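Engineer: Okay, so here is data.txt, and as you'll see once you scroll down, it has compact mmCIF, C-alpha atoms.
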```txt
# COMPACT_ATOMS: atom_id res chain seq x y z
CA MET A 22 0.00 0.00 0.00
CA ASP A 23 1.25 3.46 -0.85
CA TRP A 24 0.90 6.74 1.07
CA TYR A 25 -1.61 8.16 -1.40
CA SER A 26 -4.02 5.28 -0.70
CA ILE A 27 -3.69 5.77 3.06
CA VAL A 28 -4.32 9.53 2.84
CA LYS A 29 -7.21 8.98 0.42
CA PHE A 30 -8.74 6.44 2.83
CA LEU A 31 -8.44 8.91 5.73
CA HIS A 32 -9.96 11.67 3.56
CA ILE A 33 -12.95 9.47 2.68
CA VAL A 34 -13.49 8.25 6.26
CA SER A 35 -13.38 11.82 7.59
CA ALA A 36 -15.79 13.03 4.91
CA THR A 37 -18.14 10.11 5.47
CA LEU A 38 -18.37 10.72 9.22
CA TRP A 39 -18.72 14.49 8.77
CA VAL A 40 -21.33 14.46 6.02
CA GLY A 41 -23.11 11.28 7.09
CA GLY A 42 -23.36 12.24 10.75
CA GLY A 43 -24.73 15.65 9.91
CA PHE A 44 -27.16 14.19 7.40
CA VAL A 45 -28.61 11.83 10.01
CA LEU A 46 -29.26 14.77 12.37
CA PHE A 47 -30.74 16.79 9.49
CA LEU A 48 -32.99 13.88 8.53
CA LEU A 49 -34.16 13.47 12.13
CA GLY A 50 -35.04 17.18 12.16
CA VAL A 51 -36.95 16.96 8.88
CA LEU A 52 -38.90 13.90 10.02
CA ALA A 53 -39.77 15.59 13.32
CA GLU A 54 -40.78 18.73 11.42
CA ARG A 55 -43.12 16.78 9.15
CA ALA A 56 -44.64 15.01 12.15
CA GLY A 57 -45.10 18.31 13.99
CA ASN A 58 -42.93 17.02 16.83
CA ILE A 59 -41.29 20.13 18.24
CA GLU A 60 -39.35 18.36 20.99
CA ASP A 61 -37.72 15.84 18.63
CA LYS A 62 -36.81 18.58 16.16
CA LEU A 63 -35.26 20.70 18.88
CA GLN A 64 -33.38 17.63 20.14
CA ALA A 65 -31.87 17.18 16.66
CA ILE A 66 -30.95 20.88 16.54
CA ARG A 67 -29.47 20.73 20.06
CA ALA A 68 -27.44 17.64 19.13
CA SER A 69 -26.14 19.47 16.05
CA GLY A 70 -25.06 22.36 18.23
CA GLN A 71 -23.43 20.10 20.80
CA LEU A 72 -21.56 18.09 18.17
CA GLY A 73 -20.65 21.04 15.95
CA GLY A 74 -17.39 22.04 17.60
CA ARG A 75 -16.49 18.64 18.99
CA PHE A 76 -17.28 16.39 16.04
CA PHE A 77 -18.32 18.11 12.80
CA ALA A 78 -15.74 20.92 12.74
CA PRO A 79 -12.75 18.63 13.47
CA LEU A 80 -13.92 16.08 10.89
CA SER A 81 -14.47 18.76 8.29
CA MET A 82 -10.96 20.08 8.96
CA LEU A 83 -9.49 16.56 8.70
CA THR A 84 -11.34 16.09 5.41
CA LEU A 85 -9.81 19.32 4.12
CA ILE A 86 -6.31 18.53 5.43
CA PHE A 87 -6.23 15.04 3.90
CA GLY A 88 -7.60 16.45 0.63
CA LEU A 89 -4.96 19.18 0.58
CA ILE A 90 -2.23 16.62 1.28
CA MET A 91 -3.41 14.52 -1.67
CA CYS A 92 -3.49 17.57 -3.91
CA GLY A 93 -0.17 18.94 -2.69
CA PHE A 94 1.79 15.73 -3.13
CA TRP A 95 0.02 13.87 -5.92
CA VAL A 96 -2.87 15.52 -7.76
CA GLY A 97 -2.20 19.26 -7.87
CA PHE A 98 -4.62 22.15 -7.57
CA SER A 99 -5.25 23.08 -11.19
CA GLU A 100 -8.06 20.68 -12.05
CA LEU A 101 -11.58 22.18 -12.16
CA TRP A 102 -13.02 19.50 -9.88
CA ILE A 103 -10.45 20.37 -7.20
CA VAL A 104 -11.35 24.06 -7.40
CA ILE A 105 -15.08 23.27 -7.24
CA GLY A 106 -14.48 21.00 -4.24
CA LEU A 107 -12.52 23.70 -2.40
CA VAL A 108 -15.18 26.35 -3.13
CA GLY A 109 -17.88 23.93 -1.98
CA TYR A 110 -15.93 23.13 1.18
CA ALA A 111 -15.46 26.84 1.91
CA THR A 112 -19.19 27.38 1.43
CA THR A 113 -20.32 24.60 3.74
CA PHE A 114 -17.64 25.37 6.33
CA SER A 115 -18.75 29.02 6.33
CA ILE A 116 -22.39 28.01 6.81
CA GLY A 117 -21.31 25.87 9.75
CA MET A 118 -19.15 28.50 11.40
CA PHE A 119 -21.18 31.63 10.67
CA ILE A 120 -24.75 30.26 10.70
CA PHE A 121 -24.99 26.95 12.58
CA LYS A 122 -22.54 27.67 15.39
CA PRO A 123 -23.84 31.10 16.44
CA THR A 124 -27.48 30.12 15.85
CA GLY A 125 -27.12 27.01 18.00
CA GLU A 126 -25.46 29.04 20.75
CA ARG A 127 -28.16 31.72 20.53
CA MET A 128 -30.91 29.09 20.70
CA GLY A 129 -29.30 27.50 23.76
CA ALA A 130 -29.18 30.86 25.52
CA MET A 131 -32.77 31.64 24.56
CA ILE A 132 -34.01 28.30 25.88
CA ALA A 133 -32.01 28.67 29.11
CA LYS A 134 -33.43 32.16 29.67
CA ASP A 135 -37.06 31.90 28.56
CA GLY A 136 -37.68 28.22 27.81
CA MET A 137 -39.43 27.16 24.62
CA THR A 138 -40.83 30.23 22.88
CA PRO A 139 -42.07 31.01 19.37
CA SER A 140 -38.82 32.92 18.88
CA VAL A 141 -36.81 29.77 19.61
CA LEU A 142 -38.94 27.82 17.14
CA GLY A 143 -38.41 30.48 14.48
CA THR A 144 -34.66 30.43 15.05
CA GLY A 145 -34.65 26.64 14.80
CA GLN A 146 -36.59 26.81 11.55
CA ARG A 147 -34.10 29.25 10.03
CA MET A 148 -31.32 26.86 11.03
CA MET A 149 -33.13 23.98 9.28
CA ASN A 150 -33.53 26.12 6.17
CA TRP A 151 -29.79 26.74 6.04
CA ALA A 152 -29.22 23.00 6.55
CA ARG A 153 -31.19 22.30 3.36
CA LEU A 154 -28.83 24.53 1.39
CA ASP A 155 -25.80 23.11 3.19
CA TYR A 156 -26.68 19.56 2.22
CA ALA A 157 -27.39 20.53 -1.37
CA VAL A 158 -23.85 21.95 -1.51
CA MET A 159 -22.47 18.79 0.11
CA LEU A 160 -24.28 16.62 -2.44
CA ALA A 161 -22.73 18.68 -5.23
CA ILE A 162 -19.30 18.28 -3.61
CA ILE A 163 -19.74 14.51 -3.42
CA ALA A 164 -20.77 14.40 -7.09
CA ASP A 165 -17.77 16.58 -7.91
CA MET A 166 -15.34 14.33 -6.05
CA VAL A 167 -16.69 11.16 -7.67
CA LEU A 168 -17.32 12.41 -11.22
CA LYS A 169 -14.33 14.81 -11.44
CA PRO A 170 -15.85 17.06 -14.11
CA THR A 171 -13.79 19.13 -16.50
CA SER A 172 -14.95 22.29 -18.24
CA HIS A 173 -16.19 20.06 -21.09
CA ASP A 174 -18.62 18.15 -18.83
CA ILE A 175 -21.43 20.67 -19.19
CA GLY A 176 -24.16 18.19 -18.20
CA ILE A 177 -22.45 17.23 -14.95
CA LEU A 178 -21.68 20.84 -14.07
CA ALA A 179 -25.25 21.87 -14.88
CA GLY A 180 -26.60 19.01 -12.78
CA MET A 181 -24.45 20.05 -9.83
CA ALA A 182 -25.62 23.65 -10.20
CA MET A 183 -29.24 22.48 -10.35
CA VAL A 184 -28.81 20.55 -7.09
CA ILE A 185 -27.58 23.72 -5.38
CA VAL A 186 -30.37 25.85 -6.89
CA LEU A 187 -32.95 23.27 -5.79
CA GLY A 188 -31.43 23.23 -2.30
CA ALA A 189 -31.62 27.02 -2.14
CA ALA A 190 -35.23 26.94 -3.34
CA LEU A 191 -36.16 24.35 -0.71
CA ALA A 192 -34.30 26.33 1.92
CA PHE A 193 -35.61 29.80 1.23
CA GLY A 194 -38.39 29.50 -1.33
CA GLY A 195 -41.35 28.88 0.93
CA SER A 196 -42.45 29.59 4.41
CA ARG A 197 -42.32 26.67 6.81
CA GLN A 198 -43.48 27.02 10.33
CA LEU A 199 -42.82 24.49 13.02
CA VAL A 200 -46.08 24.05 14.86
CA PRO A 201 -47.14 21.32 17.23
CA ASN A 202 -49.06 18.40 15.82
CA ALA A 203 -52.74 18.71 16.69
CA ALA A 204 -53.10 14.96 17.26
```
Take the structure I supplied and represent it as structure tokens, if you would.
Structural biologist:
Amino acid sequence: MDWYSIVKFLHIVSATLWVGGGFVLFLLGVLAERAGNIEDKLQAIRASGQLGGRFFAPLSMLTLIFGLIMCGFWVGFSELWIVIGLVGYATTFSIGMFIFKPTGERMGAMIAKDGMTPSVLGTGQRMMNWARLDYAVMLAIIADMVLKPTSHDIGILAGMAMVIVLGAALAFGGSRQLVPNAA
């Protein structure tokens, strides 16, 4: 086994845990939202906040570091798919650091101070909306890493762009309100 294979394995394991773990929490939040189960949705949001700095941020950084090592030693940085991957990473990392982290902290403080309020629910909903966009970007990154498009792969690039546009539309195109289930 060569070093490239080891670093590539570590890159994929880090990415799988980062993206997969976050997706499970996102899915739990969506299912709770559809069921009108406020407590389960808030539990998923709380878990995201608790794991953000301890689990998701370190794994995202490891994913980046192992990817940069592969590029620096073996692949290079000039391929379009590498640039797209780095831009996608920067986007999702920024959403995590500048949206998820402060929103989770703000929600925790709001709940500690006033308990469950409509304001907390609204803040949680905005966080879920951003998560929809975040996972659309992550899906595009995964497609990018697997398919490795060049500038000639217009269909693949257009498909990746459509995934992000759809994610943005799902995130910000309609009004969702988390309300308790009447049943």
Engineer: Between CA of Trp39 in chain A and CA of Gly74 in chain A, what is the distance in Å, rounded to a tenth?
Structural biologist: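 So the answer is 11.7 Å.
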Engineer: Could you give me, as a VMD selection string, the residues within 10 Å of Gly129 in chain A, counting only C-alpha atoms and dropping anything in the same chain fewer than 2 positions from it?
Structural biologist: chain A and resid 66 to 67 70 to 71 123 to 127 131 to 134 136 141
Engineer: If you keep C-alpha atoms, can you produce a file of those selected residues as a short mmCIF file (atom, residue, chain, number, x, y, z; two decimals), in the frame of the given file?
Structural biologist:
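Contents of the output file result-v4.cif:
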```cif
data_model
loop_
_atom_site.label_atom_id
_atom_site.label_comp_id
_atom_site.auth_asym_id
_atom_site.auth_seq_id
_atom_site.Cartn_x
_atom_site.Cartn_y
_atom_site.Cartn_z
CA ILE A 66 -30.95 20.88 16.54
CA ARG A 67 -29.47 20.73 20.06
CA GLY A 70 -25.06 22.36 18.23
CA GLN A 71 -23.43 20.10 20.80
CA PRO A 123 -23.84 31.10 16.44
CA THR A 124 -27.48 30.12 15.85
CA GLY A 125 -27.12 27.01 18.00
CA GLU A 126 -25.46 29.04 20.75
CA ARG A 127 -28.16 31.72 20.53
CA MET A 131 -32.77 31.64 24.56
CA ILE A 132 -34.01 28.30 25.88
CA ALA A 133 -32.01 28.67 29.11
CA LYS A 134 -33.43 32.16 29.67
CA GLY A 136 -37.68 28.22 27.81
CA VAL A 141 -36.81 29.77 19.61
#
```
Engineer: From the options A:Ile59, A:Leu83, A:Ala179, A:Ile33, which residue's atoms come nearest to Ile163 in chain A, counting only C-alpha atoms?
Structural biologist: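 Nearest to Ile163 in chain A: A:Ile33.
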Engineer: Using all atoms listed in the file, which residue out of A:Val167, A:Gly106, A:Leu142, A:Leu31 lies closest to Leu80 in chain A?
Structural biologist: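 Between A:Val167, A:Gly106, A:Leu142, A:Leu31, the residue approaching Leu80 in chain A most closely is A:Leu31.
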Engineer: Work out how far CA of Tyr110 in chain A is from CA of Ala65 in chain A, in Å to one decimal.
Structural biologist: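 Going from CA of Ala65 in chain A over to CA of Tyr110 in chain A covers 23.0 Å.
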Engineer: Pick out the residues sitting within 7 Å of range 191-194 of chain A, and hand them over as a list of chain:residue names; count all atoms listed in the file, and ignore anything fewer than 5 positions along from it in its own chain.
Structural biologist: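 That gives A:Asn150, A:Trp151, A:Arg153, A:Leu154.
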Engineer: Complete the atoms of range 72-98 of chain A to N, CA and C atoms and put them out as a short mmCIF file (atom, residue, chain, number, x, y, z; two decimals), in the frame of the given file.
Structural biologist:
```cif
data_model
loop_
_atom_site.label_atom_id
_atom_site.label_comp_id
_atom_site.auth_asym_id
_atom_site.auth_seq_id
_atom_site.Cartn_x
_atom_site.Cartn_y
_atom_site.Cartn_z
N LEU A 72 -22.59 18.82 18.91
CA LEU A 72 -21.56 18.09 18.17
C LEU A 72 -20.78 18.97 17.20
N GLY A 73 -21.28 20.16 16.94
CA GLY A 73 -20.65 21.04 15.95
C GLY A 73 -19.16 21.24 16.17
N GLY A 74 -18.79 21.75 17.33
CA GLY A 74 -17.39 22.04 17.60
C GLY A 74 -16.56 20.84 17.98
N ARG A 75 -17.22 19.82 18.51
CA ARG A 75 -16.49 18.64 18.99
C ARG A 75 -16.35 17.54 17.96
N PHE A 76 -17.27 17.50 16.99
CA PHE A 76 -17.28 16.39 16.04
C PHE A 76 -17.23 16.89 14.59
N PHE A 77 -18.22 17.71 14.20
CA PHE A 77 -18.32 18.11 12.80
C PHE A 77 -17.18 19.02 12.36
N ALA A 78 -16.83 20.02 13.14
CA ALA A 78 -15.74 20.92 12.74
C ALA A 78 -14.40 20.18 12.63
N PRO A 79 -14.02 19.36 13.63
CA PRO A 79 -12.75 18.63 13.47
C PRO A 79 -12.75 17.68 12.27
N LEU A 80 -13.88 16.99 12.04
CA LEU A 80 -13.92 16.08 10.89
C LEU A 80 -13.89 16.83 9.57
N SER A 81 -14.53 17.98 9.53
CA SER A 81 -14.47 18.76 8.29
C SER A 81 -13.05 19.26 8.05
N MET A 82 -12.36 19.64 9.12
CA MET A 82 -10.96 20.08 8.96
C MET A 82 -10.06 18.91 8.54
N LEU A 83 -10.27 17.73 9.11
CA LEU A 83 -9.49 16.56 8.70
C LEU A 83 -9.75 16.22 7.23
N THR A 84 -11.01 16.34 6.81
CA THR A 84 -11.34 16.09 5.41
C THR A 84 -10.56 17.05 4.52
N LEU A 85 -10.55 18.32 4.89
CA LEU A 85 -9.81 19.32 4.12
C LEU A 85 -8.30 19.03 4.14
N ILE A 86 -7.77 18.76 5.31
CA ILE A 86 -6.31 18.53 5.43
C ILE A 86 -5.89 17.34 4.58
N PHE A 87 -6.61 16.21 4.68
CA PHE A 87 -6.23 15.04 3.90
C PHE A 87 -6.40 15.31 2.40
N GLY A 88 -7.42 16.07 2.03
CA GLY A 88 -7.60 16.45 0.63
C GLY A 88 -6.46 17.34 0.13
N LEU A 89 -6.07 18.30 0.97
CA LEU A 89 -4.96 19.18 0.58
C LEU A 89 -3.64 18.41 0.47
N ILE A 90 -3.44 17.44 1.36
CA ILE A 90 -2.23 16.62 1.28
C ILE A 90 -2.21 15.85 -0.04
N MET A 91 -3.35 15.25 -0.40
CA MET A 91 -3.41 14.52 -1.67
C MET A 91 -3.11 15.45 -2.85
N CYS A 92 -3.71 16.63 -2.82
CA CYS A 92 -3.49 17.57 -3.91
C CYS A 92 -2.04 18.04 -3.94
N GLY A 93 -1.52 18.39 -2.76
CA GLY A 93 -0.17 18.94 -2.69
C GLY A 93 0.90 17.96 -3.14
N PHE A 94 0.76 16.70 -2.80
CA PHE A 94 1.79 15.73 -3.13
C PHE A 94 1.54 14.97 -4.43
N TRP A 95 0.27 14.78 -4.82
CA TRP A 95 0.02 13.87 -5.92
C TRP A 95 -0.83 14.44 -7.05
N VAL A 96 -1.89 15.16 -6.73
CA VAL A 96 -2.87 15.52 -7.76
C VAL A 96 -2.66 16.92 -8.31
N GLY A 97 -2.32 17.87 -7.46
CA GLY A 97 -2.20 19.26 -7.87
C GLY A 97 -3.50 20.01 -7.60
N PHE A 98 -3.47 21.30 -7.87
CA PHE A 98 -4.62 22.15 -7.57
C PHE A 98 -5.22 22.79 -8.81
#
```
